[in-house]
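So this one's structure_1.pdb, PDB, C-alpha atoms:
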```
ATOM      1  CA  THR Z   1       0.000   0.000   0.000
ATOM      2  CA  ALA Z   2       2.789   2.401   0.854
ATOM      3  CA  LEU Z   3       4.559   1.598  -2.436
ATOM      4  CA  ARG Z   4       1.419   2.380  -4.389
ATOM      5  CA  ARG Z   5       1.074   5.722  -2.643
ATOM      6  CA  VAL Z   6       4.669   6.667  -3.561
ATOM      7  CA  ARG Z   7       4.076   5.726  -7.205
ATOM      8  CA  ARG Z   8       0.887   7.790  -7.358
ATOM      9  CA  ARG Z   9       2.648  10.817  -5.906
ATOM     10  CA  GLY Z  10       5.484  10.452  -8.414
ATOM     11  CA  ARG Z  11       3.037  10.281 -11.320
ATOM     12  CA  ALA Z  12       1.151  13.328 -10.037
ATOM     13  CA  GLY Z  13       4.387  15.290  -9.700
ATOM     14  CA  ALA Z  14       5.487  14.329 -13.193
ATOM     15  CA  LEU Z  15       2.131  15.389 -14.620
ATOM     16  CA  ALA Z  16       2.347  18.755 -12.803
ATOM     17  CA  ARG Z  17       5.853  19.352 -14.126
ATOM     18  CA  GLY Z  18       4.714  18.516 -17.637
ATOM     19  CA  ARG Z  19       1.826  20.956 -17.415
ATOM     20  CA  ARG Z  20       4.135  23.742 -16.262
ATOM     21  CA  GLN Z  21       6.538  23.100 -19.134
ATOM     22  CA  LEU Z  22       3.691  23.154 -21.643
ATOM     23  CA  ALA Z  23       2.404  26.418 -20.191
ATOM     24  CA  ARG Z  24       5.850  28.011 -20.620
ATOM     25  CA  ARG Z  25       6.178  27.039 -24.268
ATOM     26  CA  PRO Z  26       5.178  29.748 -26.818
ATOM     27  CA  LEU Z  27       2.169  28.986 -28.951
ATOM     28  CA  ARG Z  28       2.445  29.117 -32.710
ATOM     29  CA  GLY Z  29       1.526  32.585 -34.023
ATOM     30  CA  ALA Z  30       1.517  34.141 -30.533
ATOM     31  CA  PRO Z  31       2.936  37.705 -30.332
ATOM     32  CA  LYS Z  32       6.497  37.890 -29.080
ATOM     33  CA  ALA Z  33       7.475  40.344 -26.371
ATOM     34  CA  ARG Z  34       9.878  43.109 -27.380
ATOM     35  CA  GLY Z  35      13.270  42.600 -25.777
ATOM     36  CA  ALA Z  36      12.249  39.483 -23.752
ATOM     37  CA  ARG Z  37      11.796  35.712 -24.245
ATOM     38  CA  PRO Z  38       8.181  34.452 -24.512
ATOM     39  CA  TRP Z  39       8.440  32.285 -21.392
ATOM     40  CA  GLY Z  40      10.143  35.066 -19.412
ATOM     41  CA  ARG Z  41       7.579  37.830 -19.794
ATOM     42  CA  ARG Z  42       6.665  37.990 -16.141
ATOM     43  CA  ARG Z  43      10.306  38.132 -15.118
ATOM     44  CA  ALA Z  44      11.032  40.776 -17.782
ATOM     45  CA  ARG Z  45       8.015  42.817 -16.705
ATOM     46  CA  ARG Z  46       9.243  42.791 -13.114
ATOM     47  CA  ARG Z  47      12.674  43.999 -14.269
ATOM     48  CA  GLY Z  48      11.174  46.781 -16.426
ATOM     49  CA  LYS Z  49      12.040  45.348 -19.852
ATOM     50  CA  VAL Z  50       8.475  44.887 -21.088
ATOM     51  CA  GLY Z  51       5.507  47.187 -20.772
ATOM     52  CA  GLY Z  52       3.459  47.386 -17.613
ATOM     53  CA  CYS Z  53       3.473  49.371 -14.408
ATOM     54  CA  GLY Z  54       7.204  48.867 -13.920
ATOM     55  CA  ALA Z  55       8.291  49.696 -17.470
ATOM     56  CA  SER Z  56      11.256  51.986 -17.723
ATOM     57  CA  GLY Z  57      10.899  52.911 -21.396
ATOM     58  CA  PRO Z  58       8.515  55.390 -22.978
ATOM     59  CA  PRO Z  59       4.787  54.534 -22.940
ATOM     60  CA  SER Z  60       4.881  53.910 -26.687
ATOM     61  CA  ALA Z  61       6.867  50.706 -26.026
ATOM     62  CA  MET Z  62       4.335  49.340 -23.507
ATOM     63  CA  HIS Z  63       2.881  46.710 -25.829
ATOM     64  CA  PHE Z  64       3.865  43.546 -27.638
ATOM     65  CA  GLU Z  65       4.664  43.400 -31.292
ATOM     66  CA  GLY Z  66       1.943  41.940 -33.438
ATOM     67  CA  GLY Z  67      -0.913  42.541 -30.956
ATOM     68  CA  PRO Z  68      -2.955  45.428 -29.571
ATOM     69  CA  ALA Z  69      -1.876  47.297 -26.458
ATOM     70  CA  SER Z  70      -3.439  46.410 -23.136
ATOM     71  CA  PRO Z  71      -5.956  48.838 -21.548
ATOM     72  CA  ARG Z  72      -3.415  49.835 -18.888
ATOM     73  CA  ALA Z  73      -0.722  50.515 -21.513
ATOM     74  CA  GLN Z  74      -3.203  52.516 -23.562
ATOM     75  CA  LEU Z  75      -4.049  54.592 -20.480
ATOM     76  CA  HIS Z  76      -0.354  55.301 -19.929
ATOM     77  CA  GLN Z  77       0.046  56.333 -23.562
ATOM     78  CA  ASP Z  78      -2.896  58.745 -23.378
ATOM     79  CA  ALA Z  79      -1.635  60.320 -20.156
ATOM     80  CA  TYR Z  80       1.867  60.705 -21.584
ATOM     81  CA  ARG Z  81       0.467  62.278 -24.761
ATOM     82  CA  ARG Z  82      -1.644  64.755 -22.788
ATOM     83  CA  MET Z  83       1.326  65.664 -20.612
ATOM     84  CA  ARG Z  84       3.459  66.419 -23.655
ATOM     85  CA  GLN Z  85       0.620  68.396 -25.254
ATOM     86  CA  TYR Z  86      -0.102  70.673 -22.297
ATOM     87  CA  LYS Z  87       3.441  71.064 -21.000
ATOM     88  CA  ALA Z  88       4.351  74.737 -20.736
ATOM     89  CA  PRO Z  89       7.223  76.156 -22.768
ATOM     90  CA  ASN Z  90      10.435  76.441 -20.820
ATOM     91  CA  SER Z  91      12.492  78.365 -23.349
ATOM     92  CA  ILE Z  92      12.584  81.946 -24.535
ATOM     93  CA  PRO Z  93      11.723  81.142 -28.220
ATOM     94  CA  ASP Z  94       8.523  79.373 -27.138
ATOM     95  CA  TYR Z  95       7.666  82.330 -24.902
ATOM     96  CA  LEU Z  96       8.197  84.766 -27.775
ATOM     97  CA  ARG Z  97       6.105  82.588 -30.072
ATOM     98  CA  ARG Z  98       3.193  82.767 -27.645
ATOM     99  CA  LEU Z  99       3.748  86.505 -27.354
ATOM    100  CA  CYS Z 100       2.677  86.874 -30.990
ATOM    101  CA  ASP Z 101      -0.612  84.996 -30.529
ATOM    102  CA  TYR Z 102      -3.186  86.826 -28.417
ATOM    103  CA  ARG Z 103      -5.435  83.748 -28.331
ATOM    104  CA  GLN Z 104      -2.976  82.032 -25.982
ATOM    105  CA  MET Z 105      -3.073  84.888 -23.441
ATOM    106  CA  ASP Z 106      -5.214  84.924 -20.321
ATOM    107  CA  PHE Z 107      -5.856  88.593 -19.560
ATOM    108  CA  GLU Z 108      -8.334  87.833 -16.798
ATOM    109  CA  ALA Z 109      -5.675  85.968 -14.819
ATOM    110  CA  THR Z 110      -3.243  88.798 -15.536
ATOM    111  CA  PHE Z 111      -5.467  91.471 -14.004
ATOM    112  CA  ASP Z 112      -6.118  89.167 -11.070
ATOM    113  CA  GLN Z 113      -2.341  88.957 -10.599
ATOM    114  CA  LEU Z 114      -2.077  92.753 -10.709
ATOM    115  CA  GLY Z 115      -4.728  93.011  -8.021
ATOM    116  CA  LYS Z 116      -2.839  90.573  -5.810
ATOM    117  CA  LEU Z 117       0.378  92.585  -6.218
ATOM    118  CA  LEU Z 118      -1.434  95.689  -4.997
ATOM    119  CA  PHE Z 119      -3.710  94.395  -2.253
ATOM    120  CA  ASP Z 120      -2.418  90.943  -1.263
ATOM    121  CA  SER Z 121       1.268  90.719  -2.081
ATOM    122  CA  GLU Z 122       1.817  87.641   0.085
ATOM    123  CA  ARG Z 123      -0.342  85.559  -2.272
ATOM    124  CA  ALA Z 124       1.052  86.979  -5.507
ATOM    125  CA  TYR Z 125       3.356  83.985  -6.063
ATOM    126  CA  ASP Z 126       0.991  81.175  -5.091
ATOM    127  CA  GLY Z 127       0.720  80.008  -8.690
ATOM    128  CA  GLY Z 128       4.410  79.110  -8.835
ATOM    129  CA  GLN Z 129       3.920  75.852  -6.933
ATOM    130  CA  TYR Z 130       1.129  74.850  -9.330
ATOM    131  CA  ARG Z 131       3.265  75.593 -12.410
ATOM    132  CA  LYS Z 132       6.198  73.646 -10.984
ATOM    133  CA  GLN Z 133       4.037  70.653 -10.140
ATOM    134  CA  TYR Z 134       2.092  70.415 -13.400
ATOM    135  CA  LYS Z 135       4.254  72.253 -15.944
ATOM    136  CA  ASP Z 136       7.747  71.734 -14.493
ATOM    137  CA  GLN Z 137       8.701  75.414 -14.414
ATOM    138  CA  TRP Z 138       8.493  78.298 -11.968
ATOM    139  CA  ALA Z 139       8.169  81.087 -14.537
ATOM    140  CA  ARG Z 140       4.917  82.270 -16.072
ATOM    141  CA  ASP Z 141       4.196  80.690 -19.434
ATOM    142  CA  ASP Z 142       1.541  83.295 -20.268
ATOM    143  CA  PRO Z 143       2.996  86.495 -21.833
ATOM    144  CA  ALA Z 144      -0.201  88.474 -21.186
ATOM    145  CA  PHE Z 145       1.418  90.175 -18.161
ATOM    146  CA  VAL Z 146       4.199  91.522 -20.375
ATOM    147  CA  VAL Z 147       1.717  92.755 -23.007
ATOM    148  CA  VAL Z 148      -0.366  94.603 -20.404
ATOM    149  CA  GLN Z 149       2.720  96.183 -18.876
ATOM    150  CA  ILE Z 150       3.994  97.388 -22.252
ATOM    151  CA  ALA Z 151       0.569  98.887 -22.960
ATOM    152  CA  PHE Z 152       0.687 100.776 -19.642
ATOM    153  CA  LEU Z 153       4.155 102.087 -20.486
ATOM    154  CA  LEU Z 154       3.056 103.301 -23.916
ATOM    155  CA  VAL Z 155       0.099 105.183 -22.438
ATOM    156  CA  ALA Z 156       2.311 106.737 -19.759
ATOM    157  CA  SER Z 157       4.975 107.802 -22.271
ATOM    158  CA  VAL Z 158       2.319 109.491 -24.449
ATOM    159  CA  ALA Z 159       0.927 111.307 -21.393
ATOM    160  CA  TYR Z 160       4.388 112.581 -20.402
ATOM    161  CA  ALA Z 161       5.112 113.627 -23.982
ATOM    162  CA  LEU Z 162       1.918 115.675 -24.030
ATOM    163  CA  ALA Z 163       2.727 117.200 -20.653
ATOM    164  CA  PHE Z 164       6.146 118.369 -21.867
ATOM    165  CA  HIS Z 165       4.781 119.619 -25.219
ATOM    166  CA  VAL Z 166       6.397 117.152 -27.595
ATOM    167  CA  HIS Z 167       4.742 117.942 -30.921
ATOM    168  CA  SER Z 168       6.707 115.961 -33.528
ATOM    169  CA  VAL Z 169       5.779 112.416 -34.478
ATOM    170  CA  TRP Z 170       9.419 111.335 -34.285
ATOM    171  CA  GLY Z 171       9.585 112.713 -30.738
ATOM    172  CA  PHE Z 172       6.556 110.644 -29.719
ATOM    173  CA  LEU Z 173       8.000 107.493 -31.289
ATOM    174  CA  TRP Z 174      11.408 108.062 -29.720
ATOM    175  CA  ILE Z 175       9.948 108.515 -26.226
ATOM    176  CA  MET Z 176       7.774 105.413 -26.577
ATOM    177  CA  LEU Z 177      10.608 103.228 -27.903
ATOM    178  CA  TYR Z 178      13.091 104.494 -25.322
ATOM    179  CA  THR Z 179      10.641 103.881 -22.476
ATOM    180  CA  VAL Z 180       9.836 100.324 -23.535
ATOM    181  CA  VAL Z 181      13.188  99.155 -24.902
ATOM    182  CA  VAL Z 182      15.677 100.871 -22.599
ATOM    183  CA  ASP Z 183      13.871 101.766 -19.381
ATOM    184  CA  TRP Z 184      11.830  98.580 -19.190
ATOM    185  CA  PHE Z 185      13.555  95.800 -21.135
ATOM    186  CA  VAL Z 186      17.289  96.584 -21.070
ATOM    187  CA  VAL Z 187      17.388  97.740 -17.458
ATOM    188  CA  GLY Z 188      15.063  94.901 -16.476
ATOM    189  CA  ALA Z 189      17.215  92.309 -18.245
ATOM    190  CA  LEU Z 190      20.325  93.573 -16.462
ATOM    191  CA  VAL Z 191      18.645  93.542 -13.051
ATOM    192  CA  SER Z 192      17.094  90.104 -13.683
ATOM    193  CA  THR Z 193      20.426  88.662 -14.801
ATOM    194  CA  ALA Z 194      22.155  89.987 -11.688
ATOM    195  CA  CYS Z 195      19.484  88.531  -9.382
ATOM    196  CA  TRP Z 196      19.460  85.246 -11.324
ATOM    197  CA  TYR Z 197      23.232  84.930 -10.996
ATOM    198  CA  VAL Z 198      23.283  85.739  -7.269
ATOM    199  CA  ALA Z 199      20.447  83.304  -6.524
ATOM    200  CA  ASN Z 200      21.989  80.400  -8.445
ATOM    201  CA  LYS Z 201      25.553  81.061  -7.335
ATOM    202  CA  TYR Z 202      25.190  81.856  -3.641
ATOM    203  CA  LEU Z 203      21.664  81.076  -2.398
ATOM    204  CA  ARG Z 204      20.880  77.602  -3.708
ATOM    205  CA  GLN Z 205      20.682  74.739  -1.243
ATOM    206  CA  HIS Z 206      22.263  71.432  -2.238
ATOM    207  CA  HIS Z 207      20.766  68.252  -0.772
ATOM    208  CA  ALA Z 208      22.085  64.780  -1.467
ATOM    209  CA  HIS Z 209      18.664  63.093  -1.526
ATOM    210  CA  SER Z 210      16.647  65.621  -3.545
ATOM    211  CA  VAL Z 211      16.461  66.766  -7.132
ATOM    212  CA  GLU Z 212      18.748  69.722  -7.771
ATOM    213  CA  GLN Z 213      16.880  72.823  -8.931
ATOM    214  CA  GLU Z 214      17.923  76.238 -10.160
ATOM    215  CA  VAL Z 215      16.332  79.633 -10.717
ATOM    216  CA  GLU Z 216      15.127  80.135 -14.272
ATOM    217  CA  TRP Z 217      16.015  83.372 -16.021
ATOM    218  CA  LEU Z 218      12.400  83.788 -17.097
ATOM    219  CA  PHE Z 219      11.338  83.548 -13.460
ATOM    220  CA  ALA Z 220      13.840  86.254 -12.521
ATOM    221  CA  PHE Z 221      12.415  88.440 -15.290
ATOM    222  CA  ASP Z 222       8.870  87.719 -14.049
ATOM    223  CA  VAL Z 223       9.865  88.866 -10.575
ATOM    224  CA  HIS Z 224      11.322  92.052 -12.051
ATOM    225  CA  CYS Z 225       8.091  92.699 -13.997
ATOM    226  CA  ASN Z 226       6.053  92.297 -10.818
ATOM    227  CA  GLY Z 227       8.259  94.736  -8.951
ATOM    228  CA  PHE Z 228       8.336  97.132 -11.879
ATOM    229  CA  PHE Z 229       4.540  97.311 -11.928
ATOM    230  CA  VAL Z 230       4.246  98.530  -8.338
ATOM    231  CA  SER Z 231       7.098 101.016  -8.809
ATOM    232  CA  PHE Z 232       5.457 102.145 -12.070
ATOM    233  CA  LEU Z 233       2.384 103.237 -10.122
ATOM    234  CA  VAL Z 234       4.574 105.505  -7.978
ATOM    235  CA  THR Z 235       7.212 106.853 -10.373
ATOM    236  CA  TYR Z 236       4.973 107.157 -13.439
ATOM    237  CA  VAL Z 237       1.344 107.530 -12.329
ATOM    238  CA  LEU Z 238       1.580 109.306  -8.965
ATOM    239  CA  GLN Z 239       4.541 111.397 -10.064
ATOM    240  CA  TYR Z 240       2.604 112.584 -13.136
ATOM    241  CA  PHE Z 241      -0.085 114.174 -10.967
ATOM    242  CA  LEU Z 242       2.530 115.704  -8.635
ATOM    243  CA  LEU Z 243       4.624 117.274 -11.411
ATOM    244  CA  PRO Z 244       3.500 120.874 -10.663
ATOM    245  CA  VAL Z 245       4.908 120.494  -7.140
ATOM    246  CA  LEU Z 246       7.925 118.307  -7.902
ATOM    247  CA  LEU Z 247       9.315 120.534 -10.667
ATOM    248  CA  THR Z 248       9.719 123.540  -8.401
ATOM    249  CA  LYS Z 249      13.027 124.447  -6.782
ATOM    250  CA  SER Z 250      11.772 124.370  -3.195
ATOM    251  CA  VAL Z 251      12.973 122.236  -0.334
ATOM    252  CA  VAL Z 252       9.573 120.528  -0.119
ATOM    253  CA  ALA Z 253       9.858 119.433  -3.772
ATOM    254  CA  CYS Z 254      13.291 117.908  -3.145
ATOM    255  CA  LEU Z 255      12.145 116.044  -0.031
ATOM    256  CA  LEU Z 256       8.957 114.825  -1.718
ATOM    257  CA  SER Z 257      10.805 113.660  -4.816
ATOM    258  CA  ASN Z 258      13.391 111.713  -2.787
ATOM    259  CA  LEU Z 259      10.665 110.188  -0.653
ATOM    260  CA  LEU Z 260       8.691 109.208  -3.749
ATOM    261  CA  TYR Z 261      11.584 107.316  -5.317
ATOM    262  CA  ALA Z 262      12.494 105.741  -1.974
ATOM    263  CA  VAL Z 263       8.947 104.358  -1.605
ATOM    264  CA  ALA Z 264       9.022 103.037  -5.185
ATOM    265  CA  LEU Z 265      12.368 101.274  -4.679
ATOM    266  CA  THR Z 266      11.287  99.829  -1.320
ATOM    267  CA  TRP Z 267       8.081  98.442  -2.821
ATOM    268  CA  TYR Z 268      10.048  97.002  -5.723
ATOM    269  CA  LEU Z 269      12.493  95.298  -3.341
ATOM    270  CA  TYR Z 270       9.685  93.872  -1.235
ATOM    271  CA  ILE Z 271       7.969  92.282  -4.258
ATOM    272  CA  THR Z 272      11.340  90.923  -5.402
ATOM    273  CA  PHE Z 273      11.991  89.443  -1.969
ATOM    274  CA  LEU Z 274       8.577  87.730  -1.978
ATOM    275  CA  GLY Z 275       9.301  86.239  -5.396
ATOM    276  CA  TYR Z 276      12.567  84.611  -4.399
ATOM    277  CA  ARG Z 277      11.170  83.577  -1.027
ATOM    278  CA  ALA Z 278       8.571  81.484  -2.873
ATOM    279  CA  LEU Z 279      11.352  79.184  -4.141
ATOM    280  CA  PRO Z 280      11.879  76.463  -1.501
ATOM    281  CA  PHE Z 281      15.453  75.681  -2.548
ATOM    282  CA  LEU Z 282      16.867  79.166  -1.813
ATOM    283  CA  SER Z 283      18.452  79.565   1.602
ATOM    284  CA  TYR Z 284      18.596  83.316   2.320
ATOM    285  CA  PRO Z 285      16.294  85.383   0.072
ATOM    286  CA  GLN Z 286      16.397  88.300   2.544
ATOM    287  CA  VAL Z 287      19.542  89.435   0.768
ATOM    288  CA  PHE Z 288      17.311  90.962  -1.913
ATOM    289  CA  LEU Z 289      15.571  93.142   0.689
ATOM    290  CA  TYR Z 290      17.808  94.055   3.625
ATOM    291  CA  TYR Z 291      20.998  95.310   1.978
ATOM    292  CA  PRO Z 292      19.327  97.443  -0.731
ATOM    293  CA  LEU Z 293      16.947  98.795   1.919
ATOM    294  CA  MET Z 294      19.902  99.932   3.992
ATOM    295  CA  ALA Z 295      21.297 101.703   0.919
ATOM    296  CA  ILE Z 296      17.968 103.511   0.412
ATOM    297  CA  VAL Z 297      17.939 104.711   4.022
ATOM    298  CA  LEU Z 298      21.498 105.975   3.689
ATOM    299  CA  TRP Z 299      20.552 107.760   0.470
ATOM    300  CA  LEU Z 300      17.648 109.525   2.218
ATOM    301  CA  LEU Z 301      19.907 110.604   5.084
ATOM    302  CA  PHE Z 302      22.516 111.828   2.625
ATOM    303  CA  SER Z 303      19.925 113.902   0.746
ATOM    304  CA  VAL Z 304      18.781 115.504   4.023
ATOM    305  CA  VAL Z 305      22.377 116.351   4.893
ATOM    306  CA  LEU Z 306      22.851 117.943   1.482
ATOM    307  CA  LEU Z 307      19.688 119.985   1.970
ATOM    308  CA  THR Z 308      21.085 121.372   5.198
ATOM    309  CA  LEU Z 309      24.139 122.423   3.182
ATOM    310  CA  ARG Z 310      21.797 124.061   0.616
ATOM    311  CA  LEU Z 311      22.568 121.424  -2.026
ATOM    312  CA  LYS Z 312      19.267 120.310  -3.483
ATOM    313  CA  ILE Z 313      18.932 116.904  -5.149
ATOM    314  CA  ASN Z 314      15.666 116.421  -7.034
ATOM    315  CA  PRO Z 315      15.450 113.026  -8.810
ATOM    316  CA  THR Z 316      12.269 114.036 -10.628
ATOM    317  CA  MET Z 317      13.885 117.050 -12.261
ATOM    318  CA  ALA Z 318      16.940 114.974 -13.200
ATOM    319  CA  PHE Z 319      14.901 112.222 -14.876
ATOM    320  CA  MET Z 320      12.568 114.621 -16.643
ATOM    321  CA  ALA Z 321      15.497 116.661 -17.972
ATOM    322  CA  PHE Z 322      17.169 113.497 -19.264
ATOM    323  CA  HIS Z 323      14.089 112.032 -20.950
ATOM    324  CA  TYR Z 324      12.272 115.121 -22.183
ATOM    325  CA  ALA Z 325      15.059 117.735 -22.428
ATOM    326  CA  MET Z 326      13.489 120.272 -20.092
TER     327      MET Z 326
END
```

Please lay out the structure from this file as structure tokens.
Amino acid sequence: TALRRVRRRGRAGALARGRRQLARRPLRGAPKARGARPWGRRRARRRGKVGGCGASGPPSAMHFEGGPASPRAQLHQDAYRRMRQYKAPNSIPDYLRRLCDYRQMDFEATFDQLGKLLFDSERAYDGGQYRKQYKDQWARDDPAFVVVQIAFLLVASVAYALAFHVHSVWGFLWIMLYTVVVDWFVVGALVSTACWYVANKYLRQHHAHSVEQEVEWLFAFDVHCNGFFVSFLVTYVLQYFLLPVLLTKSVVACLLSNLLYAVALTWYLYITFLGYRALPFLSYPQVFLYYPLMAIVLWLLFSVVLLTLRLKINPTMAFMAFHYAM
């Protein structure tokens, strides 16, 4: 009886081994896996050689040759295609290309951003985390903010040209081009490049177990545009209505003009500080606020000392004489 039991168990084991070998053999006409043997598909899928959840290649390779893709592979392909379609441009040529197409600009979001800069500056950079998470960039991909700011500058330059009695067409064009190209773009590019260099060179934190990040130049230019907008309201709009007082040679005009430019620079520095503070990989963003603020205070004290010595410094008269040849 015991011998019969041993023989039965041996036959059952042999049959089980035969079934497993037959299951591992490829059927005739069956699709072959790309880069893996037919009987090693499970092992290859675990190692990431064939499509599936653990595949290391692009989603387009997540299927077998000769057969349709699985529903899970098709889902991965669709998600990858949507991600590539809606990914924001991270280069200056793409940004300039969108600048020429007004249909890709969101002006409603732009004016909402302007309102946050004026009334709720702490929340002005909340969208950066969203763009980094879903679009893999900190900078704005919508050039509508730049278009609106250029429009404001053109209107302001025309108003100043009318105030200083510029009658020639060439004079109007020269003032508009100089305001936009030199005062806004060239000076802004220089300031943005300096801040971008300082942030990447001296303020970045390096961690061994995290992805290394850096400040994008477009983000530095976005921060400059935000700060320029608030200073524009002081040095262009408010100053325009105070010109009858500021262009006099009194002590009050000198003090008011220096105070006006000090407020504009302080507001600009505060918006700049908030922009770089929004980046979690920068260690000491206060450098963009404290040291320039100390320089502004020293400048105000120096102007007061010069006024006591009867040496009047009026920044408004200096800038107006340079731009409009008073």

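Counting from atom CA of Z:Thr235, the distance to atom CA of Z:Leu260 is 7.2 Å.
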
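What separates atom CA of Z:Leu99 from atom CA of Z:Tyr197 is a distance of 25.5 Å.
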
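Distances here use all atoms listed in the file; by that measure, the residue among Z:Val234, Z:Leu218, Z:Val182, Z:Ile271 closest to Z:Tyr125 is Z:Ile271.
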
**Request:** Just give me the gap between atom CA of Z:Phe111 and atom CA of Z:Ala139 in Å, one decimal is fine.
**Result:** 17.1 Å

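The smallest atom-to-atom distance between Z:Phe273 and any of Z:Cys254, Z:Ala144, Z:Cys195, Z:Ala109, using only C-alpha atoms, is found for Z:Cys195.
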
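Ranking Z:Leu117, Z:Val169, Z:Thr266, Z:Tyr160 by their shortest atom-to-atom distance to Z:Met294, with all atoms listed in the file included, puts Z:Thr266 first.
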
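Proximity to Z:Val237 at 12 Å, evaluated using all atoms listed in the file and with sequence-adjacent residues fewer than 2 positions away removed, yields Z:Phe152, Z:Leu153, Z:Val155, Z:Ala156, Z:Ser157, Z:Ala159, Z:Tyr160, Z:Phe229, Z:Val230, Z:Ser231, Z:Phe232, Z:Leu233, Z:Val234, Z:Thr235, Z:Gln239, Z:Tyr240, Z:Phe241, Z:Leu242, Z:Leu243, Z:Leu260, Z:Ala264.
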
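When all atoms listed in the file are used to compute distances to Z:Leu96, the closest of the residues Z:Val146, Z:Leu279, Z:Val287, Z:Ala194 turns out to be Z:Val146.
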
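Minimum atom-to-atom distances from Z:Asp142, Z:Leu154, Z:Leu255, Z:Lys116 to Z:Arg103 were compared using only C-alpha atoms, and the lowest value belongs to Z:Asp142.
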
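Closest to Z:His323 among Z:Met105, Z:Leu114, Z:Val304, Z:Val166 is Z:Val166, based on only C-alpha atoms.
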
May I have the centre and edge lengths, in Å to one decimal, of an axis-aligned box around the listed atoms of stretch 268-275 of chain Z with 5 Å added to every side, as JSON?
```
{"center_x": 10.2, "center_y": 91.6, "center_z": -3.5, "size_x": 14.5, "size_y": 20.8, "size_z": 14.5}
```

**Request:** I need the residue set behind the PyMOL selection byres ((chain Z and resi 251) around 10) for this file; please write it as a PyMOL selection string.
**Result:** chain Z and resi 246+248-250+252-257+304+307-308+310-314

Fill-in result for stretch 265-276 of chain Z, N, CA, C and O atoms as a compact mmCIF listing (two decimals), in the coordinates of the input:
```
# COMPACT_ATOMS: atom_id res chain seq x y z
N LEU Z 265 11.31 102.28 -4.76
CA LEU Z 265 12.37 101.27 -4.68
C LEU Z 265 12.11 100.27 -3.56
O LEU Z 265 12.37 99.07 -3.71
N THR Z 266 11.59 100.74 -2.43
CA THR Z 266 11.29 99.83 -1.32
C THR Z 266 10.19 98.85 -1.70
O THR Z 266 10.28 97.64 -1.40
N TRP Z 267 9.16 99.33 -2.36
CA TRP Z 267 8.08 98.44 -2.82
C TRP Z 267 8.59 97.44 -3.84
O TRP Z 267 8.23 96.26 -3.82
N TYR Z 268 9.45 97.90 -4.73
CA TYR Z 268 10.05 97.00 -5.72
C TYR Z 268 10.87 95.91 -5.03
O TYR Z 268 10.79 94.73 -5.39
N LEU Z 269 11.66 96.27 -4.05
CA LEU Z 269 12.49 95.30 -3.34
C LEU Z 269 11.64 94.31 -2.55
O LEU Z 269 11.99 93.12 -2.47
N TYR Z 270 10.55 94.78 -2.00
CA TYR Z 270 9.68 93.87 -1.24
C TYR Z 270 9.04 92.83 -2.15
O TYR Z 270 8.98 91.64 -1.81
N ILE Z 271 8.55 93.25 -3.31
CA ILE Z 271 7.97 92.28 -4.26
C ILE Z 271 9.04 91.31 -4.76
O ILE Z 271 8.78 90.11 -4.94
N THR Z 272 10.24 91.80 -4.98
CA THR Z 272 11.34 90.92 -5.40
C THR Z 272 11.68 89.90 -4.32
O THR Z 272 11.90 88.72 -4.60
N PHE Z 273 11.72 90.35 -3.08
CA PHE Z 273 11.99 89.44 -1.97
C PHE Z 273 10.91 88.36 -1.86
O PHE Z 273 11.23 87.18 -1.66
N LEU Z 274 9.65 88.72 -2.03
CA LEU Z 274 8.58 87.73 -1.98
C LEU Z 274 8.71 86.71 -3.11
O LEU Z 274 8.41 85.52 -2.92
N GLY Z 275 9.15 87.16 -4.28
CA GLY Z 275 9.30 86.24 -5.40
C GLY Z 275 10.36 85.18 -5.15
O GLY Z 275 10.14 83.99 -5.39
N TYR Z 276 11.51 85.60 -4.65
CA TYR Z 276 12.57 84.61 -4.40
C TYR Z 276 12.32 83.82 -3.12
O TYR Z 276 12.86 82.73 -2.97
```
